[in-house]
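Enquirer: Before I ask anything, let me first share the structure, which is written out below as structure tokens.
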Amino acid sequence: MKFRRDTGAESETTREEVRAMAEALSLYRSAMRHIAEREAAHFRVVEPRPGRSIRFGMLLAPALTAAVAAAVLVPVYGHLHHHTPAPAVVVKTSQPGPANTLANVDDTVLMNQIDSELSEDVPDALRPLADLSSQTTNASAVSEKKNVTQE
Amino acid sequence: MEEIAGNELAIDKREQAMLELADFDEVVRVYRPRILRFLLSSLTDRDAAESLTQECFLKAWSARHQFRGDSSLSTWLTRIAVNLMRDHLRSRCLRFWQKTRGSSLDVLDISDWVPDGRSSPESLTVARDRVAAVWRAVGSLSAQQRAVFVLRFVEEMELDEIAGTIGMNLSTVKSHLYRALAIIRERMGGAK
């Protein structure tokens, strides 16, 4: 009988343990569900809808790649083409707008002016240089004569 | 006759799952809380759970054409989440960060939520201690044991459903669950 009583006490203890564990698991489940709901609600406020964010992210990645590629390639391309001479472009940019309009208005006057300036032997602005060049021409002529006499 | 009816039912379920998957925004809206709950219960880390939940749906979106409707959408998503959780727990780098993470759920967060309908403050304290002990014990389980335990006792899934989700035999699922419960029981005994 004593053995029976012990067994009964043991089974009572086991039953109590199982009951306590079942209760703890139930409480744990409730707690986890409550916390997950709270986290999900918090997450929803902070973040946009995940489905859309997934699509947005999928669109954003190629867009970012394209932007980075453009940021790298455009300066390189510009740098390479910056050194190539483009006289037509330089002339166009160097001429102010009003001059162009004047030129368009009276091309014949301008052409005549240019012809007259070119037909002159030496333009006024280059007159001092013309003297110098004449001197150097004389000097070179003298040195040539010297060389000839030495020979 | 029964076989034909069973096949038709399976086809209906498959079509339903495929239709459900077509509206992915709705899929995310419906299943995200459950996936987040599973990952949060398994990892006890808010940031990791949220990050893996996002990754789960991203993977599902990427692989949506491979989904043939053999299982329910819920099972398919949970399977992806279980695999992500395993990878996360396996990662040595993340194991290091698990020790120093700042976004982990505090045991007080868990135990403080115990409903305050107890007869006495003592019983309330005992209940909180028990929940905290379960929470700590779950943290010490292996990835497989944890997945099985959470799917059974938090998600309240049937054992064969768990076996299908995790890709294990039913006997293996029972074995993992038995071991998990033994560890938790032992820890609870220590908490007394």
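Identifiers for the structure tokens are assigned positionally: chains receive A, B, ... in sequence, residues are indexed from 1 per chain, and ligands are indexed from 1 in the order shown.
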Would you give me, as a ChimeraX atom specification, the residues of chain A that come within 6 Å of chain B, using only C-alpha atoms?
Expert: /A:24,28-29,31,36,51
Enquirer: Restricting the output to N, CA and C atoms, write the selected residues as an mmCIF file, in the first residue's frame.
Expert:
```cif
data_model
loop_
_atom_site.group_PDB
_atom_site.id
_atom_site.type_symbol
_atom_site.label_atom_id
_atom_site.label_comp_id
_atom_site.auth_asym_id
_atom_site.auth_seq_id
_atom_site.Cartn_x
_atom_site.Cartn_y
_atom_site.Cartn_z
ATOM 1 N N ALA A 24 2.406 27.212 -18.732
ATOM 2 C CA ALA A 24 3.528 28.084 -19.134
ATOM 3 C C ALA A 24 3.603 28.192 -20.660
ATOM 4 N N TYR A 28 3.237 31.472 -22.776
ATOM 5 C CA TYR A 28 4.323 31.819 -23.699
ATOM 6 C C TYR A 28 3.753 32.106 -25.092
ATOM 7 N N ARG A 29 2.834 31.256 -25.524
ATOM 8 C CA ARG A 29 2.214 31.452 -26.844
ATOM 9 C C ARG A 29 1.478 32.798 -26.898
ATOM 10 N N ALA A 31 1.996 35.390 -25.051
ATOM 11 C CA ALA A 31 2.976 36.500 -24.976
ATOM 12 C C ALA A 31 3.637 36.720 -26.327
ATOM 13 N N ALA A 36 4.482 39.777 -31.155
ATOM 14 C CA ALA A 36 4.587 39.778 -32.625
ATOM 15 C C ALA A 36 3.593 40.767 -33.233
ATOM 16 N N GLY A 51 5.193 44.585 -49.675
ATOM 17 C CA GLY A 51 5.048 44.156 -51.067
ATOM 18 C C GLY A 51 5.508 45.239 -52.012
#
```
Enquirer: Would you pick out the contacts of Lys59 (chain B) at 12 Å or less, using only C-alpha atoms, so that residues sharing its chain but fewer than 2 positions from it are not included, and give the list as a compact mmCIF listing (two decimals) with C-alpha atoms, in the first residue's frame?
Expert:
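The resulting file, selection.txt, is shown below:
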```
# COMPACT_ATOMS: atom_id res chain seq x y z
CA GLY A 51 5.05 44.16 -51.07
CA ILE A 54 9.98 44.77 -52.55
CA MET A 58 13.65 45.76 -57.35
CA LEU B 52 14.36 37.82 -42.46
CA THR B 53 10.64 38.40 -42.92
CA GLN B 54 11.45 40.87 -45.70
CA GLU B 55 13.93 38.42 -47.17
CA CYS B 56 11.37 35.62 -46.98
CA PHE B 57 8.89 37.56 -49.09
CA TRP B 61 8.54 36.90 -54.98
CA SER B 62 11.63 35.80 -56.88
CA ALA B 63 10.61 32.15 -56.84
CA ARG B 64 6.89 32.66 -57.34
CA HIS B 65 7.04 31.06 -60.79
CA GLN B 66 8.48 27.90 -59.24
CA PHE B 67 5.57 27.56 -56.83
CA TRP B 76 5.58 27.25 -48.66
CA LEU B 77 6.29 30.60 -47.01
CA THR B 78 6.95 28.97 -43.63
CA ARG B 79 9.40 26.59 -45.31
CA ILE B 80 11.31 29.56 -46.75
CA ALA B 81 11.28 31.21 -43.32
CA ASN B 83 15.44 27.79 -44.13
CA LEU B 84 16.31 31.45 -43.59
```
Enquirer: What separation in Å, quoted to one decimal, exists between CA of His176 (chain B) and CA of Gln145 (chain B)?
Expert: 5.0 Å
